[in-house]
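Pasting data.csv here (CSV, C-alpha atoms):
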```csv
chain,number,residue,atom,x,y,z
A,1262,MET,CA,4.8,85.4,132.0
A,1263,PRO,CA,3.8,88.4,134.1
A,1264,ASN,CA,0.3,89.5,133.3
A,1265,SER,CA,0.9,93.2,134.0
A,1266,SER,CA,1.3,94.0,130.3
A,1267,SER,CA,-1.0,96.5,128.7
A,1268,ARG,CA,-3.0,96.3,125.5
A,1269,GLN,CA,-3.9,100.0,125.4
A,1270,HIS,CA,-2.0,100.9,122.2
A,1271,ALA,CA,-3.6,101.1,118.8
A,1272,ASP,CA,-3.6,98.2,116.3
A,1273,HIS,CA,-0.1,98.5,114.9
A,1274,GLY,CA,0.3,94.8,114.1
A,1275,THR,CA,-2.4,92.9,116.0
A,1276,SER,CA,-2.9,89.2,116.1
A,1277,ILE,CA,-5.6,87.8,113.9
A,1278,GLY,CA,-8.5,85.8,115.4
A,1279,GLU,CA,-9.0,84.4,118.9
A,1280,GLN,CA,-6.0,82.0,119.0
A,1281,PRO,CA,-5.2,80.1,122.2
A,1282,PRO,CA,-2.2,81.4,124.1
A,1283,ILE,CA,1.1,80.4,122.5
A,1284,PRO,CA,3.9,79.4,124.9
A,1285,GLU,CA,6.6,82.0,125.0
A,1286,PRO,CA,9.4,83.1,127.4
A,1287,SER,CA,8.5,85.2,130.4
A,1288,TYR,CA,9.3,88.9,130.5
A,1289,ALA,CA,12.1,88.1,132.9
A,1290,GLU,CA,13.7,85.8,130.4
A,1291,ARG,CA,13.2,88.2,127.6
A,1292,ALA,CA,14.8,91.0,129.7
A,1293,ARG,CA,17.8,88.8,130.5
A,1294,THR,CA,18.2,87.9,126.9
A,1295,LEU,CA,18.1,91.5,125.7
A,1296,VAL,CA,20.6,92.7,128.3
A,1297,HIS,CA,22.8,89.7,127.4
A,1298,ILE,CA,22.9,90.5,123.6
A,1299,GLY,CA,23.3,94.2,124.2
A,1300,ARG,CA,26.7,95.8,124.8
A,1301,ILE,CA,25.8,99.5,125.2
A,1302,GLY,CA,23.0,101.2,127.0
A,1303,SER,CA,21.8,104.7,128.0
A,1304,LEU,CA,22.7,105.4,131.7
A,1305,SER,CA,20.6,108.0,133.5
A,1306,THR,CA,22.0,109.5,136.7
A,1307,LEU,CA,20.7,112.3,138.9
A,1308,SER,CA,22.5,115.5,138.1
A,1309,GLN,CA,24.5,117.2,140.8
A,1310,LYS,CA,24.7,120.4,138.9
A,1311,ARG,CA,20.9,120.5,138.4
A,1312,PRO,CA,19.5,118.7,141.4
A,1313,GLY,CA,16.6,116.4,140.5
A,1314,TRP,CA,17.2,116.5,136.8
A,1315,PRO,CA,18.1,113.2,134.9
A,1316,PHE,CA,21.5,113.2,133.1
A,1317,GLY,CA,21.9,110.7,130.2
A,1318,SER,CA,25.1,109.0,129.1
A,1319,VAL,CA,26.1,106.5,126.5
A,1320,MET,CA,27.4,103.6,128.6
A,1321,PRO,CA,29.1,100.3,127.6
A,1322,TYR,CA,28.4,97.7,130.2
A,1323,GLY,CA,29.6,94.3,131.3
A,1324,LEU,CA,27.3,91.6,132.8
A,1325,ASP,CA,27.7,89.2,135.7
A,1326,PRO,CA,26.0,85.8,136.2
A,1327,LEU,CA,23.1,87.5,138.1
A,1328,GLY,CA,22.5,89.9,135.2
A,1329,ARG,CA,24.0,92.9,137.0
A,1330,PRO,CA,25.5,95.5,134.7
A,1331,SER,CA,29.0,96.8,135.4
A,1332,PHE,CA,30.6,100.1,134.2
A,1333,LEU,CA,34.2,101.1,133.7
A,1334,ILE,CA,34.0,104.8,134.4
A,1335,SER,CA,36.4,107.7,135.2
A,1336,THR,CA,36.2,109.9,138.2
A,1337,MET,CA,36.3,112.9,135.9
A,1338,ALA,CA,33.1,111.8,134.1
A,1339,MET,CA,29.9,113.7,134.9
A,1340,HIS,CA,27.9,110.5,135.4
A,1341,THR,CA,30.5,109.2,138.0
A,1342,GLN,CA,30.3,112.5,139.9
A,1343,ASN,CA,26.5,112.1,139.8
A,1344,ILE,CA,26.7,108.6,141.1
A,1345,LEU,CA,28.9,109.6,144.0
A,1346,GLY,CA,26.3,112.2,145.0
A,1347,ASP,CA,23.3,109.9,144.5
A,1348,SER,CA,23.6,106.2,143.7
A,1349,ARG,CA,20.2,105.8,142.1
A,1350,VAL,CA,20.5,105.1,138.3
A,1351,SER,CA,18.6,103.5,135.4
A,1352,LEU,CA,20.0,101.8,132.3
A,1353,LEU,CA,18.0,101.6,129.1
A,1354,VAL,CA,19.0,98.7,126.8
A,1355,THR,CA,17.5,98.5,123.3
A,1356,ASP,CA,17.6,95.7,120.7
A,1357,PRO,CA,21.0,96.1,118.9
A,1358,ASP,CA,19.4,94.7,115.7
A,1359,ALA,CA,16.5,97.2,115.7
A,1360,SER,CA,16.3,99.2,112.4
A,1361,GLY,CA,13.5,101.3,111.0
A,1362,ASP,CA,10.9,100.4,113.7
A,1363,ALA,CA,12.4,101.5,117.1
A,1364,LEU,CA,9.0,101.6,118.8
A,1365,GLY,CA,8.1,98.1,117.6
A,1366,THR,CA,11.2,96.4,118.9
A,1367,ALA,CA,12.2,95.3,122.4
A,1368,ARG,CA,13.8,97.4,125.1
A,1369,VAL,CA,14.2,97.2,128.9
A,1370,THR,CA,14.8,99.8,131.6
A,1371,LEU,CA,16.7,98.6,134.6
A,1372,MET,CA,16.4,100.7,137.8
A,1373,GLY,CA,18.8,100.3,140.7
A,1374,THR,CA,21.8,101.7,142.5
A,1375,ALA,CA,25.4,101.9,141.4
A,1376,ALA,CA,28.6,101.6,143.6
A,1377,ARG,CA,32.2,100.7,143.2
A,1378,VAL,CA,32.8,97.0,142.8
A,1379,PRO,CA,34.2,95.5,146.1
A,1380,GLU,CA,37.7,94.1,145.9
A,1381,GLU,CA,36.7,90.5,146.2
A,1382,ALA,CA,34.5,90.7,143.1
A,1383,LEU,CA,36.8,92.9,141.1
A,1384,THR,CA,38.7,90.2,139.1
A,1385,GLN,CA,35.5,88.5,137.9
A,1386,VAL,CA,33.9,91.9,136.9
A,1387,ARG,CA,37.0,92.9,135.1
A,1388,ASN,CA,37.3,89.7,133.1
A,1389,LEU,CA,33.6,89.7,132.2
A,1390,TYR,CA,33.7,93.3,131.1
A,1391,LEU,CA,36.9,92.9,129.0
A,1392,ALA,CA,35.3,89.9,127.3
A,1393,ARG,CA,32.6,92.2,126.0
A,1394,HIS,CA,34.7,95.3,125.4
A,1395,GLU,CA,38.2,94.2,124.4
A,1396,ASN,CA,39.3,97.8,123.6
A,1397,ALA,CA,38.9,98.8,127.2
A,1398,LYS,CA,42.2,97.0,127.9
A,1399,HIS,CA,43.9,100.2,126.8
A,1400,TRP,CA,42.5,102.3,129.7
A,1401,VAL,CA,41.3,99.7,132.3
A,1402,ASP,CA,44.4,100.3,134.4
A,1403,PHE,CA,44.3,104.1,134.4
A,1404,LYS,CA,44.3,105.4,137.9
A,1405,ASP,CA,41.2,107.5,137.5
A,1406,PHE,CA,39.1,104.6,136.2
A,1407,ASP,CA,37.1,102.3,138.5
A,1408,PHE,CA,34.5,99.5,138.0
A,1409,TYR,CA,31.0,100.2,139.3
A,1410,ARG,CA,28.2,97.7,139.5
A,1411,MET,CA,24.5,98.2,139.3
A,1412,GLU,CA,22.3,96.4,141.9
A,1413,VAL,CA,19.0,96.0,140.1
A,1414,VAL,CA,15.8,96.7,142.1
A,1415,ASP,CA,13.2,96.9,139.4
A,1416,LEU,CA,12.7,96.6,135.6
A,1417,TYR,CA,10.3,97.6,133.0
A,1418,TYR,CA,10.2,95.5,129.8
A,1419,VAL,CA,8.7,96.5,126.5
A,1420,GLY,CA,8.5,93.9,123.8
A,1421,GLY,CA,6.9,96.0,121.1
A,1422,PHE,CA,3.4,97.5,120.7
A,1423,GLY,CA,1.1,96.4,123.5
A,1424,VAL,CA,3.7,94.1,125.0
A,1425,MET,CA,5.0,95.6,128.3
A,1426,GLY,CA,5.2,95.0,132.0
A,1427,TRP,CA,7.1,95.4,135.2
A,1428,VAL,CA,9.5,92.5,136.1
A,1429,PRO,CA,10.4,91.8,139.7
A,1430,ALA,CA,14.2,92.0,140.3
A,1431,ASP,CA,14.3,88.5,141.8
A,1432,GLU,CA,12.7,87.0,138.8
A,1433,TYR,CA,15.2,88.8,136.6
A,1434,THR,CA,18.2,87.5,138.5
A,1435,ARG,CA,16.9,83.9,138.5
A,1436,ALA,CA,16.1,84.0,134.8
A,1437,GLU,CA,18.6,82.9,132.0
A,1438,ALA,CA,19.2,84.3,128.6
A,1439,ASP,CA,17.5,82.4,125.8
A,1440,PRO,CA,19.7,79.7,124.3
A,1441,LEU,CA,19.2,81.2,120.9
A,1442,ALA,CA,20.3,84.7,122.1
A,1443,ASP,CA,23.6,84.7,120.2
A,1444,THR,CA,22.3,83.2,117.0
A,1445,ALA,CA,18.8,84.6,116.7
A,1446,SER,CA,19.7,87.5,114.4
A,1447,GLU,CA,21.3,85.1,111.9
A,1448,ILE,CA,18.4,82.7,112.0
A,1449,ILE,CA,16.0,85.6,111.4
A,1450,ARG,CA,18.2,87.0,108.5
A,1451,HIS,CA,18.4,83.6,106.9
A,1452,MET,CA,14.7,82.8,107.1
A,1453,ASN,CA,13.7,86.2,105.7
A,1454,ALA,CA,16.3,86.2,102.9
A,1455,ASP,CA,16.1,82.6,101.8
A,1456,HIS,CA,12.8,81.1,103.0
A,1457,ALA,CA,10.1,83.8,102.8
A,1458,ASP,CA,7.8,81.4,101.0
A,1459,ALA,CA,8.2,78.9,103.8
A,1460,LEU,CA,7.1,81.6,106.4
A,1461,VAL,CA,3.9,82.2,104.4
A,1462,ILE,CA,3.2,78.4,104.5
A,1463,LEU,CA,3.9,78.3,108.3
A,1464,ALA,CA,1.6,81.3,108.9
A,1465,ARG,CA,-1.2,79.7,107.0
A,1466,ASN,CA,-0.9,76.2,108.6
A,1467,PHE,CA,0.1,77.1,112.1
A,1468,ALA,CA,-1.5,80.5,112.7
A,1469,GLY,CA,-4.5,80.2,110.3
A,1470,VAL,CA,-3.5,83.4,108.5
A,1471,GLU,CA,-3.6,83.7,104.7
A,1472,ALA,CA,-0.8,86.2,104.2
A,1473,GLU,CA,0.7,87.6,101.0
A,1474,GLU,CA,4.0,88.2,102.8
A,1475,ALA,CA,5.6,87.0,106.1
A,1476,ARG,CA,8.7,88.1,107.9
A,1477,MET,CA,10.2,86.6,111.0
A,1478,THR,CA,10.8,89.3,113.6
A,1479,SER,CA,12.0,87.3,116.6
A,1480,VAL,CA,12.8,83.7,117.6
A,1481,ASP,CA,13.4,81.9,120.9
A,1482,ARG,CA,13.6,78.4,122.2
A,1483,LEU,CA,9.8,78.0,122.2
A,1484,GLY,CA,8.8,79.6,118.9
A,1485,PHE,CA,8.9,82.7,116.8
A,1486,HIS,CA,7.0,85.8,115.8
A,1487,LEU,CA,5.9,86.8,112.3
A,1488,ARG,CA,4.9,90.1,110.8
A,1489,LEU,CA,2.3,89.4,108.2
A,1490,LYS,CA,0.9,91.4,105.3
A,1491,VAL,CA,-2.8,90.7,104.8
A,1492,GLY,CA,-4.2,93.0,102.1
A,1493,VAL,CA,-3.3,96.5,103.1
A,1494,ARG,CA,-2.8,95.8,106.8
A,1495,MET,CA,0.1,94.4,108.8
A,1496,HIS,CA,-0.6,91.8,111.5
A,1497,ALA,CA,1.5,89.8,114.0
A,1498,ALA,CA,1.4,86.1,114.8
A,1499,ARG,CA,3.2,83.9,117.3
A,1500,ILE,CA,3.9,80.3,116.2
A,1501,ALA,CA,5.1,77.7,118.7
A,1502,PHE,CA,7.8,75.2,117.8
A,1503,THR,CA,6.6,71.6,117.8
A,1504,ARG,CA,9.3,71.0,120.4
A,1505,GLU,CA,11.7,73.2,122.5
A,1506,VAL,CA,15.0,73.9,120.8
A,1507,LYS,CA,18.4,74.6,122.3
A,1508,ASN,CA,20.6,75.8,119.4
A,1509,ALA,CA,20.5,76.9,115.8
A,1510,GLN,CA,20.8,73.4,114.4
A,1511,GLU,CA,17.8,72.2,116.4
A,1512,THR,CA,15.9,75.3,115.2
A,1513,ARG,CA,16.7,74.5,111.6
A,1514,THR,CA,15.6,70.9,112.0
A,1515,VAL,CA,12.3,71.8,113.7
A,1516,LEU,CA,11.5,74.5,111.1
A,1517,ILE,CA,12.1,72.0,108.2
A,1518,ASP,CA,9.9,69.4,109.8
A,1519,MET,CA,7.1,72.0,110.4
A,1520,VAL,CA,7.3,73.2,106.7
A,1521,GLN,CA,7.2,69.6,105.5
A,1522,HIS,CA,4.2,68.7,107.6
A,1523,ALA,CA,2.4,71.9,106.5
A,1524,LYS,CA,3.0,71.1,102.8
A,1525,GLN,CA,1.5,67.6,103.5
A,1526,GLY,CA,-1.5,69.1,105.2
A,1527,VAL,CA,-0.6,67.4,108.5
```
Once you've parsed the file, please lay out its structure as structure tokens.
Amino acid sequence: MPNSSSRQHADHGTSIGEQPPIPEPSYAERARTLVHIGRIGSLSTLSQKRPGWPFGSVMPYGLDPLGRPSFLISTMAMHTQNILGDSRVSLLVTDPDASGDALGTARVTLMGTAARVPEEALTQVRNLYLARHENAKHWVDFKDFDFYRMEVVDLYYVGGFGVMGWVPADEYTRAEADPLADTASEIIRHMNADHADALVILARNFAGVEAEEARMTSVDRLGFHLRLKVGVRMHAARIAFTREVKNAQETRTVLIDMVQHAKQGV
């Protein structure tokens, strides 16, 4: 994982104790995962009306195998006119499941250039875009609409308080979305709703934290994060799975095993 992250923020959920590093996906993998599960971002272009000023737009996007976002935009739109004048853009993607704690959840800013998709790539980009935005079929063939694709040159990832860093574009394009990306939200919902007591047990036995309450906040192929209530304070803990998982069923099996071992004092 890139070591350019900063720990300059205040303690809004700090880890307890001096625990050894817990394996977790790199920033590049987390960025790919976030862009994969997202569908809509905030596109910033450089205003032609007010030179040098950023212009923000709500922007649905598609995604190709290299993680490059694509946009279906009209020549009449202000952001399209801005792109034609200056191709430099950025796209902010936030966690679609974020609620109530926007600054404590993941987001990524992609920086790059946008241009019309070349003819030889148009079919692939079109199919991938419509797979994510089916309603676009009603205007995809309008004459004033074109597909534009973003070539990513740099990224900045924020995973929550104190978790942040730049991600080289080549690391991003080589990375893959986490295998739990499409099921993580349901795993988290299920664990918090039906197995809150098990999370407290896991926190005690695998993180060494005696918490009154525990909530899962994220999960990936290597482990999961918990938000823990200890007295009047909130803390965070990362717990590694006993083995890497590839799908929701494997995740369930590993969590059951870990809880059973914890109850047995193993």
ask   = Neighbours of Gly1323 (chain A) within 10 Å (all atoms listed in the file; same-chain residues fewer than 3 positions away dropped), as a PyMOL selection string?
value = chain A and resi 1296-1297+1299-1301+1320+1328-1333+1386-1394+1408+1410
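Restricting the calculation to all atoms listed in the file, the smallest distance between Tyr1418 (chain A) and any of A:Leu1487, A:Ala1436, A:Ile1500, A:Val1354 is found for A:Val1354.
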*Mind pulling up the distance from CA of Pro1284 (chain A) to CA of Trp1427 (chain A)?*
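Here the two named atoms are 19.3 Å from each other.
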Contacts of region 1338-1351 of chain A within 6 Å, only C-alpha atoms, excl. fewer than 2 positions in-chain, as a PyMOL selection string: chain A and resi 1304-1309+1335-1336+1371-1375
Record the distance separating CA of Tyr1417 (chain A) and CA of Arg1291 (chain A), expressed in Å with one decimal.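 Computing the Euclidean distance for CA of Tyr1417 (chain A) and CA of Arg1291 (chain A) yields 11.2 Å.
For the residues A:Met1477, A:Val1491, A:Ser1318, A:Ile1334, ranking by smallest atom-to-atom distance to Phe1403 (chain A) using all atoms listed in the file places A:Ile1334 first.
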If we draw a sphere of 10 Å around (4.4, 87.7, 105.1), which residues have at least one atom in it when counting all atoms listed in the file? Please report them as a list in words. Asn1453, Ala1457, Asp1458, Ala1459, Leu1460, Val1461, Ile1462, Leu1463, Ala1464, Arg1465, Val1470, Glu1471, Ala1472, Glu1473, Glu1474, Ala1475, Arg1476, Met1477, Leu1487, Arg1488, Leu1489, Lys1490, Val1491, Met1495, His1496 and Ala1497 of chain A
| request: Provide the CA of Thr1512 (chain A) to CA of Ala1438 (chain A) distance in Å, to one decimal place. | output: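 These atoms are spaced 16.5 Å apart.
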Find the axis-aligned box for region 1382-1388 of chain A, covering all its listed atoms and adding 6 Å on each side, and write its centre and edge lengths in Å to one decimal as lines of an AutoDock Vina configuration file.
```
center_x = 36.3
center_y = 90.7
center_z = 138.1
size_x = 16.8
size_y = 16.4
size_z = 22.0
```
**Request:** Determine the nearest neighbour of Arg1435 (chain A) from the options A:Val1515, A:Leu1327, A:Ile1298, A:Ala1376, counting only C-alpha atoms.
**Result:**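 For Arg1435 (chain A), the nearest of the given residues is A:Leu1327.
Residue nearest Met1425 (chain A) within the list A:Met1337, A:Ala1367, A:Ala1397, A:Ala1445: A:Ala1367 [criterion: smallest interatomic distance, all atoms listed in the file].
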How would you write as JSON, numbers by chain the residues that get within 10 Å of (13.8, 89.2, 137.3) in the file's frame, counting only C-alpha atoms? {"A": [1287, 1288, 1289, 1290, 1291, 1292, 1293, 1327, 1328, 1413, 1414, 1415, 1416, 1427, 1428, 1429, 1430, 1431, 1432, 1433, 1434, 1435, 1436, 1437]}
